[in-house]
Structure formats: structure tokens, C-alpha cells
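Heads up, target.txt below (compact mmCIF, C-alpha atoms):
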# COMPACT_ATOMS: atom_id res chain seq x y z
CA MET A 1318 -7.16 -39.85 -27.94
CA ALA A 1319 -5.79 -39.53 -24.42
CA ASP A 1320 -5.79 -35.86 -23.43
CA GLY A 1321 -4.71 -36.07 -19.80
CA LYS A 1322 -8.21 -35.13 -18.63
CA GLY A 1323 -9.78 -38.58 -18.57
CA ARG A 1324 -9.70 -41.11 -15.75
CA GLY A 1325 -6.32 -41.44 -14.15
CA GLY A 1326 -5.13 -38.11 -15.59
CA PRO A 1327 -3.23 -35.43 -13.72
CA GLY A 1328 -6.22 -34.78 -11.48
CA ALA A 1329 -6.48 -38.37 -10.27
CA PRO A 1330 -5.88 -38.78 -6.54
CA GLY A 1331 -2.33 -39.80 -5.74
CA ALA A 1332 -1.04 -39.19 -9.28
CA LYS A 1333 2.66 -38.38 -9.49
CA HIS A 1334 3.06 -37.82 -13.18
CA GLY A 1335 6.44 -36.63 -14.31
CA ARG A 1336 8.38 -38.44 -11.55
CA THR A 1337 11.24 -40.39 -13.05
CA GLY A 1338 13.48 -41.40 -10.16
CA GLY A 1339 16.52 -41.15 -12.42
CA PRO A 1340 17.24 -41.99 -16.05
CA GLY A 1341 14.34 -43.74 -17.67
CA PRO A 1342 11.19 -43.26 -19.73
CA GLU A 1343 8.60 -40.58 -19.07
CA LEU A 1344 4.98 -41.71 -18.85
CA PRO A 1345 1.97 -39.75 -20.06
CA GLY A 1346 -0.71 -38.88 -17.52
CA SER A 1347 -3.16 -41.30 -19.05
CA ALA A 1348 -3.96 -43.31 -22.14
CA ASP A 1349 -6.99 -45.00 -23.58
CA VAL A 1350 -5.18 -48.36 -23.44
CA VAL A 1351 -2.18 -49.46 -21.42
CA VAL A 1352 -0.52 -52.79 -22.27
CA VAL A 1353 1.65 -54.23 -19.50
CA GLY A 1354 4.33 -56.47 -20.98
CA ALA A 1355 6.15 -56.47 -24.33
CA GLY A 1356 6.63 -60.17 -24.87
CA GLN A 1357 4.86 -62.03 -27.64
CA ALA A 1358 1.32 -61.47 -26.35
CA GLY A 1359 1.84 -57.78 -25.56
CA LEU A 1360 3.48 -56.95 -28.88
CA SER A 1361 0.82 -58.88 -30.78
CA VAL A 1362 -1.98 -56.90 -29.08
CA ALA A 1363 -0.11 -53.62 -29.61
CA TRP A 1364 0.39 -54.32 -33.33
CA HIS A 1365 -3.30 -55.04 -33.83
CA LEU A 1366 -4.36 -51.98 -31.81
CA ARG A 1367 -2.07 -49.79 -33.90
CA ARG A 1368 -3.53 -51.29 -37.05
CA LEU A 1369 -7.02 -50.57 -35.73
CA GLY A 1370 -6.25 -46.88 -35.30
CA LEU A 1371 -4.63 -46.25 -31.92
CA THR A 1372 -1.46 -44.20 -31.83
CA PRO A 1373 1.39 -45.75 -29.81
CA GLY A 1374 2.73 -43.37 -27.19
CA SER A 1375 -0.51 -41.44 -26.74
CA ASP A 1376 -3.71 -43.46 -27.23
CA LEU A 1377 -1.77 -46.67 -26.57
CA VAL A 1378 1.08 -47.04 -24.10
CA VAL A 1379 3.10 -50.26 -23.81
CA LEU A 1380 5.05 -50.75 -20.58
CA ASP A 1381 7.78 -53.37 -20.14
CA ARG A 1382 9.95 -54.03 -17.12
CA GLY A 1383 12.77 -55.71 -19.07
CA PRO A 1384 15.92 -53.72 -19.82
CA GLY A 1385 15.60 -54.49 -23.54
CA ALA A 1386 13.40 -56.06 -26.18
CA GLY A 1387 12.78 -59.80 -26.21
CA GLY A 1388 10.34 -60.40 -23.36
CA ALA A 1389 11.36 -63.30 -21.13
CA TRP A 1390 13.60 -64.68 -23.87
CA GLN A 1391 16.29 -62.12 -23.08
CA PHE A 1392 16.82 -63.79 -19.69
CA ARG A 1393 17.16 -67.40 -20.88
CA TRP A 1394 20.39 -69.36 -20.76
CA GLU A 1395 23.01 -68.86 -23.45
CA SER A 1396 23.08 -72.48 -24.63
CA LEU A 1397 19.38 -72.54 -25.54
CA ARG A 1398 18.83 -72.58 -29.31
CA LEU A 1399 15.65 -72.19 -31.31
CA ASP A 1400 15.73 -75.79 -32.47
CA THR A 1401 15.78 -77.08 -28.88
CA ALA A 1402 13.23 -74.65 -27.45
CA HIS A 1403 9.47 -74.49 -27.76
CA LYS A 1404 8.51 -73.39 -31.26
CA VAL A 1405 8.51 -69.59 -31.47
CA ASP A 1406 5.82 -68.30 -33.80
CA ASP A 1407 6.29 -65.11 -35.77
CA LEU A 1408 4.61 -61.96 -34.56
CA PRO A 1409 1.82 -60.58 -36.75
CA GLY A 1410 3.28 -58.41 -39.51
CA MET A 1411 6.79 -59.80 -39.03
CA GLY A 1412 6.79 -61.14 -42.57
CA GLU A 1413 6.55 -57.56 -43.86
CA LEU A 1414 10.01 -57.01 -42.37
CA GLY A 1415 11.48 -60.09 -44.02
CA LEU A 1416 11.88 -61.78 -40.64
CA SER A 1417 10.82 -65.26 -39.56
CA PHE A 1418 11.90 -67.51 -36.72
CA ALA A 1419 11.47 -70.47 -39.08
CA THR A 1420 14.53 -69.30 -41.03
CA ALA A 1421 16.48 -67.72 -38.17
CA ASP A 1422 20.09 -68.63 -37.43
CA ARG A 1423 20.06 -71.81 -35.32
CA THR A 1424 23.68 -71.32 -34.28
CA ARG A 1425 22.92 -68.14 -32.32
CA ALA A 1426 21.55 -68.19 -28.79
CA ALA A 1427 17.75 -68.11 -28.88
CA ARG A 1428 17.74 -65.14 -26.52
CA GLU A 1429 19.86 -63.13 -28.97
CA VAL A 1430 17.71 -63.99 -31.98
CA VAL A 1431 14.41 -63.18 -30.27
CA ALA A 1432 15.71 -59.96 -28.73
CA ASP A 1433 17.08 -58.85 -32.11
CA TYR A 1434 13.87 -59.62 -34.01
CA TYR A 1435 11.61 -58.07 -31.35
CA GLU A 1436 13.69 -54.89 -31.25
CA ARG A 1437 13.53 -54.52 -35.02
CA TYR A 1438 9.80 -55.22 -34.89
CA GLU A 1439 9.14 -52.57 -32.22
CA GLN A 1440 11.12 -49.99 -34.16
CA ALA A 1441 9.64 -50.80 -37.57
CA PHE A 1442 6.07 -50.45 -36.31
CA ALA A 1443 6.87 -47.55 -33.96
CA LEU A 1444 5.28 -49.26 -30.95
CA ASP A 1445 7.07 -46.88 -28.57
CA VAL A 1446 7.58 -49.38 -25.75
CA ARG A 1447 8.46 -47.65 -22.48
CA ARG A 1448 11.13 -49.54 -20.54
CA PRO A 1449 12.22 -50.33 -17.99
CA VAL A 1450 8.97 -49.69 -16.13
CA GLU A 1451 7.84 -51.87 -13.24
CA VAL A 1452 4.08 -51.86 -12.58
CA THR A 1453 3.66 -52.31 -8.83
CA GLY A 1454 -0.11 -52.05 -8.48
CA VAL A 1455 -3.36 -51.55 -10.38
CA HIS A 1456 -6.37 -49.88 -8.77
CA GLU A 1457 -9.82 -48.92 -9.96
CA ASP A 1458 -9.91 -45.15 -10.19
CA GLY A 1459 -13.55 -44.72 -9.14
CA ARG A 1460 -14.62 -43.58 -12.60
CA GLY A 1461 -14.64 -46.89 -14.43
CA GLY A 1462 -10.96 -46.98 -15.38
CA PHE A 1463 -7.64 -47.88 -13.79
CA LEU A 1464 -4.76 -46.16 -12.07
CA LEU A 1465 -1.45 -47.97 -12.45
CA THR A 1466 1.32 -47.28 -9.98
CA THR A 1467 4.82 -47.82 -11.35
CA ASP A 1468 8.42 -47.08 -10.45
CA ARG A 1469 8.26 -44.28 -13.04
CA GLY A 1470 5.11 -42.61 -11.70
CA ASP A 1471 1.39 -43.25 -12.11
CA ILE A 1472 -0.57 -43.61 -15.32
CA GLY A 1473 -4.32 -43.84 -15.87
CA ALA A 1474 -6.00 -46.15 -18.37
CA ARG A 1475 -9.52 -46.58 -19.65
CA VAL A 1476 -8.74 -50.17 -20.62
CA LEU A 1477 -5.90 -52.36 -19.39
CA VAL A 1478 -4.27 -55.30 -21.18
CA ASN A 1479 -2.13 -57.41 -18.87
CA ALA A 1480 0.44 -59.38 -20.86
CA GLY A 1481 3.08 -59.89 -18.20
CA GLY A 1482 3.65 -63.58 -18.83
CA THR A 1483 5.01 -66.01 -16.25
CA TRP A 1484 8.84 -65.87 -16.23
CA ALA A 1485 9.01 -63.78 -13.06
CA ARG A 1486 6.96 -66.32 -11.09
CA PRO A 1487 8.57 -69.75 -11.24
CA PHE A 1488 6.62 -72.30 -9.20
CA ARG A 1489 8.48 -74.40 -6.68
CA PRO A 1490 6.42 -77.01 -4.83
CA TYR A 1491 6.81 -77.49 -1.10
CA PHE A 1492 8.73 -80.54 0.06
CA ALA A 1493 9.55 -81.40 3.64
CA GLY A 1494 13.23 -80.84 4.38
CA ALA A 1495 13.99 -78.67 1.33
CA ALA A 1496 15.05 -75.75 3.53
CA GLU A 1497 17.75 -77.94 5.12
CA PHE A 1498 19.27 -79.14 1.84
CA ARG A 1499 22.98 -78.28 1.83
CA GLY A 1500 23.49 -78.30 -1.92
CA THR A 1501 22.45 -75.92 -4.69
CA GLN A 1502 18.78 -75.31 -5.47
CA ILE A 1503 17.59 -73.24 -8.43
CA THR A 1504 14.41 -72.79 -10.46
CA THR A 1505 14.38 -72.57 -14.26
CA PRO A 1506 15.15 -68.81 -14.45
CA GLY A 1507 18.26 -69.40 -12.36
CA TYR A 1508 19.83 -71.84 -14.83
CA ARG A 1509 22.81 -70.44 -16.72
CA SER A 1510 25.05 -73.27 -17.92
CA ALA A 1511 25.69 -76.98 -17.51
CA GLU A 1512 29.23 -76.04 -16.52
CA ASP A 1513 27.88 -74.75 -13.21
CA PHE A 1514 27.09 -78.38 -12.37
CA ARG A 1515 30.24 -80.08 -13.65
CA GLY A 1516 31.08 -83.13 -11.60
CA LYS A 1517 27.95 -82.84 -9.47
CA ARG A 1518 25.07 -85.23 -8.91
CA VAL A 1519 22.02 -83.35 -10.15
CA LEU A 1520 18.33 -83.98 -9.57
CA VAL A 1521 16.03 -82.39 -12.15
CA VAL A 1522 12.41 -82.07 -11.04
CA GLY A 1523 9.58 -81.46 -13.51
CA GLY A 1524 8.06 -82.97 -16.63
CA GLY A 1525 8.30 -80.16 -19.19
CA THR A 1526 10.61 -79.27 -22.04
CA SER A 1527 12.90 -77.21 -19.79
CA ALA A 1528 13.59 -80.28 -17.64
CA VAL A 1529 14.33 -82.34 -20.74
CA GLY A 1530 16.65 -79.63 -22.05
CA PHE A 1531 18.56 -79.45 -18.77
CA LEU A 1532 19.02 -83.22 -18.62
CA ARG A 1533 20.35 -83.35 -22.16
CA GLU A 1534 22.78 -80.48 -21.52
CA LEU A 1535 23.99 -82.01 -18.26
CA GLU A 1536 24.74 -85.37 -19.85
CA GLY A 1537 28.49 -85.91 -19.85
CA VAL A 1538 29.05 -82.79 -17.71
CA ALA A 1539 27.36 -83.65 -14.42
CA ALA A 1540 28.66 -86.69 -12.53
CA ALA A 1541 25.13 -88.13 -12.61
CA THR A 1542 21.57 -87.02 -13.24
CA VAL A 1543 18.23 -88.28 -12.00
CA TRP A 1544 14.81 -87.13 -13.19
CA ALA A 1545 11.69 -86.96 -10.99
CA THR A 1546 8.19 -86.12 -12.23
CA ARG A 1547 4.67 -86.06 -10.79
CA ARG A 1548 3.03 -87.89 -13.69
CA PRO A 1549 4.21 -90.52 -16.15
CA VAL A 1550 6.08 -88.91 -19.05
CA GLU A 1551 4.64 -89.30 -22.53
CA PHE A 1552 6.59 -88.62 -25.71
CA THR A 1553 4.18 -87.94 -28.55
CA ASP A 1554 4.14 -86.75 -32.13
CA ASP A 1555 0.35 -86.26 -32.11
CA PRO A 1556 -0.30 -83.04 -34.10
CA ASP A 1557 -3.62 -82.58 -32.27
CA ALA A 1558 -2.13 -82.76 -28.78
CA GLY A 1559 -2.05 -78.99 -28.53
CA VAL A 1560 -5.82 -78.83 -28.99
CA THR A 1561 -6.28 -80.82 -25.79
CA ALA A 1562 -3.95 -78.52 -23.87
CA VAL A 1563 -5.76 -75.39 -25.06
CA ARG A 1564 -9.15 -76.89 -24.19
CA MET A 1565 -8.00 -77.82 -20.68
CA ALA A 1566 -6.56 -74.35 -20.08
CA ASP A 1567 -9.68 -72.65 -21.45
CA GLU A 1568 -11.98 -74.70 -19.21
CA ALA A 1569 -9.88 -73.85 -16.16
CA ALA A 1570 -9.77 -70.13 -17.01
CA ARG A 1571 -13.53 -69.95 -17.55
CA ALA A 1572 -14.16 -71.69 -14.24
CA GLY A 1573 -11.66 -69.61 -12.28
CA ARG A 1574 -9.50 -72.62 -11.40
CA PRO A 1575 -5.69 -72.72 -11.30
CA LEU A 1576 -4.36 -73.29 -14.81
CA PRO A 1577 -2.94 -76.69 -15.79
CA SER A 1578 0.51 -76.94 -17.33
CA ILE A 1579 0.68 -77.01 -21.12
CA VAL A 1580 2.68 -80.23 -21.12
CA SER A 1581 -0.06 -82.03 -19.19
CA GLY A 1582 -2.14 -81.80 -22.35
CA THR A 1583 0.51 -81.98 -25.06
CA GLY A 1584 3.04 -84.45 -23.73
CA LEU A 1585 6.71 -84.08 -24.67
CA PRO A 1586 7.83 -83.98 -28.31
CA ALA A 1587 8.83 -87.37 -29.67
CA THR A 1588 11.87 -86.06 -31.47
CA PRO A 1589 14.59 -88.51 -32.53
CA GLU A 1590 16.90 -86.88 -29.98
CA ASN A 1591 14.42 -87.29 -27.10
CA LEU A 1592 13.59 -90.87 -28.02
CA ALA A 1593 17.26 -91.76 -28.31
CA ALA A 1594 17.94 -90.17 -24.90
CA ALA A 1595 15.11 -92.23 -23.40
CA GLU A 1596 16.51 -95.40 -24.98
CA ARG A 1597 19.93 -94.89 -23.43
CA GLY A 1598 18.38 -94.22 -20.01
CA LEU A 1599 18.84 -90.45 -19.75
CA LEU A 1600 15.19 -89.42 -20.14
CA VAL A 1601 13.68 -92.01 -17.84
CA ALA A 1602 11.72 -90.41 -15.04
CA ARG A 1603 11.17 -91.67 -11.52
CA PRO A 1604 8.06 -90.98 -9.42
CA MET A 1605 8.43 -88.06 -7.03
CA PHE A 1606 10.50 -88.43 -3.89
CA SER A 1607 8.78 -88.08 -0.53
CA SER A 1608 11.19 -85.68 1.18
CA VAL A 1609 14.41 -83.74 0.85
CA GLU A 1610 17.28 -84.33 3.25
CA PRO A 1611 20.47 -82.29 3.76
CA ASP A 1612 22.47 -84.39 1.28
CA GLY A 1613 19.85 -85.82 -1.06
CA VAL A 1614 16.28 -87.05 -1.37
CA ARG A 1615 14.32 -89.90 0.14
CA TRP A 1616 12.15 -91.92 -2.23
CA ALA A 1617 8.73 -93.25 -1.31
CA ASP A 1618 10.12 -96.78 -0.97
CA GLY A 1619 12.54 -95.57 1.72
CA THR A 1620 15.69 -95.60 -0.40
CA PHE A 1621 18.00 -92.60 -0.45
CA ALA A 1622 19.62 -90.82 -3.42
CA PRO A 1623 22.57 -88.52 -2.67
CA VAL A 1624 22.51 -85.33 -4.76
CA ASP A 1625 24.55 -82.14 -4.82
CA ALA A 1626 22.08 -79.92 -6.68
CA ILE A 1627 18.35 -79.72 -7.39
CA ILE A 1628 16.94 -77.94 -10.44
CA TRP A 1629 13.25 -77.21 -9.90
CA ALA A 1630 11.95 -77.11 -13.50
CA THR A 1631 8.41 -77.19 -12.14
CA GLY A 1632 6.71 -74.57 -14.22
CA PHE A 1633 5.43 -71.06 -13.67
CA ARG A 1634 2.40 -69.13 -12.52
CA ALA A 1635 0.92 -66.10 -14.28
CA GLU A 1636 2.35 -62.79 -13.09
CA LEU A 1637 -0.77 -61.20 -11.55
CA THR A 1638 0.50 -59.86 -8.22
CA HIS A 1639 0.17 -56.24 -9.33
CA LEU A 1640 -3.52 -56.89 -10.05
CA ALA A 1641 -4.23 -57.94 -6.43
CA PRO A 1642 -6.02 -54.65 -5.55
CA LEU A 1643 -8.68 -55.52 -8.16
CA ARG A 1644 -9.71 -58.64 -6.17
CA LEU A 1645 -9.98 -60.94 -9.17
CA ARG A 1646 -9.38 -64.27 -7.43
CA GLU A 1647 -12.19 -66.80 -7.36
CA PRO A 1648 -12.85 -69.21 -4.46
CA GLY A 1649 -11.11 -71.92 -6.50
CA GLY A 1650 -7.91 -69.88 -6.49
CA GLY A 1651 -7.86 -68.83 -10.15
CA VAL A 1652 -9.02 -65.84 -12.18
CA ARG A 1653 -12.08 -66.17 -14.39
CA VAL A 1654 -11.19 -65.24 -17.96
CA GLU A 1655 -13.29 -65.73 -21.09
CA GLN A 1656 -11.82 -65.06 -24.53
CA GLY A 1657 -8.99 -63.14 -22.92
CA ARG A 1658 -11.30 -60.92 -20.87
CA SER A 1659 -11.71 -60.75 -17.10
CA VAL A 1660 -15.19 -61.77 -16.01
CA ARG A 1661 -15.03 -59.73 -12.81
CA ASN A 1662 -13.73 -56.57 -14.52
CA PRO A 1663 -14.54 -56.48 -18.26
CA ARG A 1664 -12.21 -53.52 -18.89
CA LEU A 1665 -9.29 -55.76 -18.01
CA PHE A 1666 -7.88 -58.15 -20.61
CA LEU A 1667 -5.33 -60.87 -19.94
CA ALA A 1668 -3.38 -61.61 -23.11
CA GLY A 1669 -1.22 -64.71 -23.21
CA PHE A 1670 -3.13 -66.18 -20.26
CA GLY A 1671 -4.44 -69.74 -20.03
CA PRO A 1672 -5.32 -71.06 -23.50
CA GLN A 1673 -3.35 -68.16 -25.01
CA ALA A 1674 -0.13 -69.13 -23.25
CA SER A 1675 1.47 -70.91 -26.20
CA THR A 1676 3.26 -68.79 -28.78
CA ILE A 1677 0.66 -69.42 -31.48
CA GLY A 1678 -2.10 -68.88 -28.92
CA ALA A 1679 -0.63 -65.52 -27.96
CA ASN A 1680 -0.62 -64.41 -31.59
CA ARG A 1681 -4.22 -65.41 -32.20
CA ALA A 1682 -5.26 -63.75 -28.97
CA GLY A 1683 -3.66 -60.47 -30.05
CA ARG A 1684 -6.25 -59.84 -32.73
CA ALA A 1685 -9.18 -61.07 -30.63
CA VAL A 1686 -8.20 -58.97 -27.62
CA ALA A 1687 -7.50 -55.88 -29.74
CA ARG A 1688 -10.94 -55.98 -31.34
CA GLN A 1689 -12.63 -56.33 -27.96
CA VAL A 1690 -10.59 -53.45 -26.58
CA VAL A 1691 -11.66 -51.22 -29.44
CA ALA A 1692 -15.30 -52.21 -28.97
CA GLU A 1693 -14.99 -51.33 -25.28
CA LEU A 1694 -13.58 -47.89 -26.10
CA ARG A 1695 -16.48 -47.18 -28.45
CA ALA A 1696 -19.23 -48.60 -26.24
CA PRO A 1697 -21.81 -46.35 -24.58
CA VAL A 1698 -21.83 -45.81 -20.83
CA GLY A 1699 -23.04 -48.87 -18.96
CA TRP A 1700 -22.15 -51.39 -21.66
CA THR A 1701 -20.00 -53.37 -19.23
CA GLY A 1702 -22.24 -52.64 -16.29
CA SER A 1703 -20.48 -49.69 -14.66
CA PRO A 1704 -20.01 -45.99 -15.51
CA ARG A 1705 -17.07 -44.60 -17.42
CA SER A 1706 -16.16 -41.77 -19.72
CA THR A 1707 -17.75 -41.71 -23.18
CA HIS A 1708 -14.74 -39.93 -24.68
CA THR A 1709 -13.95 -41.38 -28.12
CA GLY A 1710 -11.46 -39.60 -30.29
CA SER A 1711 -11.25 -39.89 -34.05
CA GLY A 1712 -9.20 -43.05 -33.78
CA ALA A 1713 -11.80 -44.79 -31.60
CA ARG A 1714 -14.62 -43.86 -33.99
CA SER A 1715 -12.83 -45.39 -36.94
CA MET A 1716 -10.97 -48.33 -35.48
CA VAL A 1717 -13.64 -51.01 -35.64
CA SER A 1718 -15.45 -49.83 -38.73
CA SER A 1719 -12.24 -49.71 -40.75
CA ALA A 1720 -10.84 -53.03 -39.54
CA PRO A 1721 -11.04 -55.85 -42.08
CA ASP A 1722 -12.81 -59.02 -40.93
CA ARG A 1723 -10.37 -61.86 -41.42
CA THR A 1724 -12.73 -62.86 -39.60
CA ARG A 1725 2.55 -91.27 -27.50
CA ARG A 1726 5.01 -92.99 -26.31
CA ARG A 1727 5.28 -93.39 -22.53
CA SER A 1728 8.25 -93.26 -20.23
CA PRO A 1729 7.83 -93.84 -16.50
CA MET A 1730 6.39 -90.68 -14.65
CA THR A 1731 5.59 -86.53 -14.95

Structure re-expressed in C-alpha cells:
Amino acid sequence: MADGKGRGGPGAPGAKHGRTGGPGPELPGSADVVVVGAGQAGLSVAWHLRRLGLTPGSDLVVLDRGPGAGGAWQFRWESLRLDTAHKVDDLPGMGELGLSFATADRTRAAREVVADYYERYEQAFALDVRRPVEVTGVHEDGRGGFLLTTDRGDIGARVLVNAGGTWARPFRPYFAGAAEFRGTQITTPGYRSAEDFRGKRVLVVGGGTSAVGFLRELEGVAAATVWATRRPVEFTDDPDAGVTAVRMADEAARAGRPLPSIVSGTGLPATPENLAAAERGLLVARPMFSSVEPDGVRWADGTFAPVDAIIWATGFRAELTHLAPLRLREPGGGVRVEQGRSVRNPRLFLAGFGPQASTIGANRAGRAVARQVVAELRAPVGWTGSPRSTHTGSGARSMVSSAPDRTRRRSPMT
């Protein structure tokens, strides 16, 4: 459907189509839909859009900055296994390929399994992911669409789906004195192996599953570990806990507030391993320290704990920096999103954002976002309140009409 003559095509101001800057993928001048990110949310949306009639590589272009398939999983530490990570849900259509994470090899590194399955998935469904491509900015093109600037040139889009995830934006809270700490400080993406901390006194900060995983790996390797969290830790096997987390995230997204962490609504899994670790004193959290000093941390009661390394497992923020030119931020600091769609710019969709951040949420969002995208492509001028091209190729005319309608236990502090 994209013919290079729509918004953001070769005639768009500032377009540099054809620039490659060295070995790498070529980008078309424009596409009806551009998906940024080929993790779980991005691939789910792309699969549904393909099924609804868009052709990957022309009507639909998927951009990914990673060097290979696997989304953020390809960058995780080697020791992480599927049975110790968050549950990874299958992508839509994966069963057709005879693949399922439920039956995947638990002895292989999770990053290898996910990268392998995602690569086979992309190839089987011919999703034509262009990588590595770094999107550096997104601008309105003045005609109702978008112009994306990338390190491979510019590309125009009638509709944009941002599915960039959070891995590239680990959150590290400010603490007085942290800049003067003489030991090692890393965030979750910087963790590689417990061996890097052998014989050291390690402080793990954060109340999520990554923090728990680090503490369990460090046991018997580090000289000592201590765990600090903002809120009391709760271990739960409540099957409905996820509903609370999704509701909290949805309310924040609709109101344009910063998103809460998933674990604040779900608690930590009350697995036999976690409960046993809590019983022997490993997974017992302390309230947060008040300051960091060159050789350790000072607790609120004035006592001092010497530490050699701090692992800030304090969560992530959505990767939205490239969307800054669109001015989406609300006074409360967040981005208003309803059902995966930007309130300020209805041609922009944020897949895997807020209530869609979990793996199962990302899958469900793929279908919902794809159907809205197709409706937007077929809508008459003015449907979203601003002008745009009415170009609809054969795929756009048939996509919606042909689509079937399927339609606690507590431990001190996190």
C-alpha cells in the first residue's frame, strides 16, 4: 500500500532515503504502518497486522535496534533460565510452528531460547524485521502522519506503533552520596554473572523478581548480601494478583501518571524456592537506607553497613525518548494512553505499555492494537480530528472486513 508518495515519502522535507552509513538494512521511503521494536509486543502486533492484510516490508515495516532476534531477552545474563524468569507467553501463531516456551529446554540460557524461537518466528511468518535500526526521533510531518529519523535514514509512516519496551531505560533512584561510592554500582542490564561479585559484600536494591534472582545467585558466591526495598515484600500465590497490577497500570496510563511497577500489584511469587530462601534469612528485606557513603550505606537508624557493590534492581521506565518531539507528556509526568492508543495523538499506538507490559498483556494487546490500526488506515479524513491522506490500497480495504471476530505472605519491606 505504501507507494513512496504519501506522507513522509521521498518528497518529505529533510528525508534522506537510501542513506545507509555502512552495512545494514535499507529502509523504504514510507509505509502505512511502522512498528518500532521487535520484542514480544512488536512481533505480536506485526503478526496480527500481517494476518489482517498488510504486507511486511512494504505496507508494514518493523524496525528493531537489537543486533538479532529476541528483543531485550538477548541481552540478559547467561545464568537466567526460563524457570527462574518471569513467565514468557507464546507469541500468537507460535503453536503453528510447533514451538512453545512451556515445553522449551530449561537447561539452556533463557536468552538463547527466546532469541532462537523469535528468529524462527520472524522467518516463518516473513515479518521482514529491519535491524539494527536506531530510531532517534519522531516528528509530525505536517500532513497527519509521522517522519521517523533513524541511523539508517528517514522513513515516513501514516500510523506508528511504538513497542520499544523498557530494557534500555533502567531506573536508578537518587540517593545522597551515591556519586562518591568507591565500589561497583550497576543496574539490572549491567549484571552478567555472580562470579563478578565473588567474595564481595553486595547490596541489592529493589523489590522485584530480578532482585530476588540476583540474591539467590549470589548466595554462596558473595561474601555477604543485604536486600533493601521501598515497601514491605509480599510473597503470594494469589492467581488474581495480576488483575490488580493490570488495573493499577491501566488507571495510571489513562490519567497520564507515571506507571507503577508490576510487582507493586502482583507481589513476588511464593515458590517453594523463594519461601525456603526467606526462611533461611536470604530473602529478608530491610527498609531503605538513608544515604550512600564511600564504603557502604547509612541506615535510617544511624547504623552503617559496609558494602563493596550495589546492584540497583530498581525497575525500568518506558523507552519514549525518541517520541519527545510529539510532546506527549502530561502535567503529571506520564503519557495518556487508552487501550494502547495515545490520547494526544490517536495515530500513535504504544504496544506493551502500562497494562500491556506483562508478556500475556503484550500478546492480547497485539490483536487489539492491530485492529485499531487497520480501522485508522481505513477511516475517512477527520476521523481522528486532523487531516491526513485517504489513500487505502487493496489490503486496507479488506483487512477489517476479512478479519474474524474472536472477538500473601509478607517479608519485611519493598

Would you mind telling me which residue in A:Val1538, A:Gly1650, A:Thr1401, A:Met1605 lies nearest to Asn1591 (chain A) when using all atoms listed in the file?
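Of A:Val1538, A:Gly1650, A:Thr1401, A:Met1605, the one nearest Asn1591 (chain A) is A:Thr1401, counting all atoms listed in the file.
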
Kindly give the distance, in Å, that separates CA of Arg1382 (chain A) and CA of Ser1361 (chain A), rounded to a single decimal.
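Result for CA of Arg1382 (chain A) versus CA of Ser1361 (chain A): 17.1 Å, one decimal.
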
At a cut-off of 10 Å, can you tabulate as CSV every residue of region 1597-1667 of chain A near region 1524-1531 of chain A together with its closest atom pair and the distance in Å to one decimal, using only C-alpha atoms and ordering rows by chain then number?
residue,atom,partner,partner_atom,distance
A:Leu1599,CA,A:Val1529,CA,9.3
A:Leu1600,CA,A:Val1529,CA,7.2
A:Ala1602,CA,A:Gly1524,CA,8.4
A:Ile1628,CA,A:Ala1528,CA,8.3
A:Trp1629,CA,A:Ala1528,CA,8.3
A:Ala1630,CA,A:Ala1528,CA,5.5
A:Thr1631,CA,A:Gly1524,CA,7.3
A:Gly1632,CA,A:Gly1525,CA,7.6

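With only C-alpha atoms as the atoms that count, the minimum distance from Gly1494 (chain A) to the choices A:Ala1668, A:Leu1371, A:Ala1426, A:Val1609 is reached by A:Val1609.
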
Please determine, counting only C-alpha atoms, which residue among A:Ala1427, A:Ala1432, A:Leu1380, A:Leu1360 has the shortest atom-to-atom distance to Arg1469 (chain A).
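Closest to Arg1469 (chain A) of all the choices is A:Leu1380.
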
Mind giving me the straight-line distance from CA of Ala1419 (chain A) to CA of Asp1406 (chain A) in Å, one decimal?
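Between CA of Ala1419 (chain A) and CA of Asp1406 (chain A) the gap works out to 8.0 Å.
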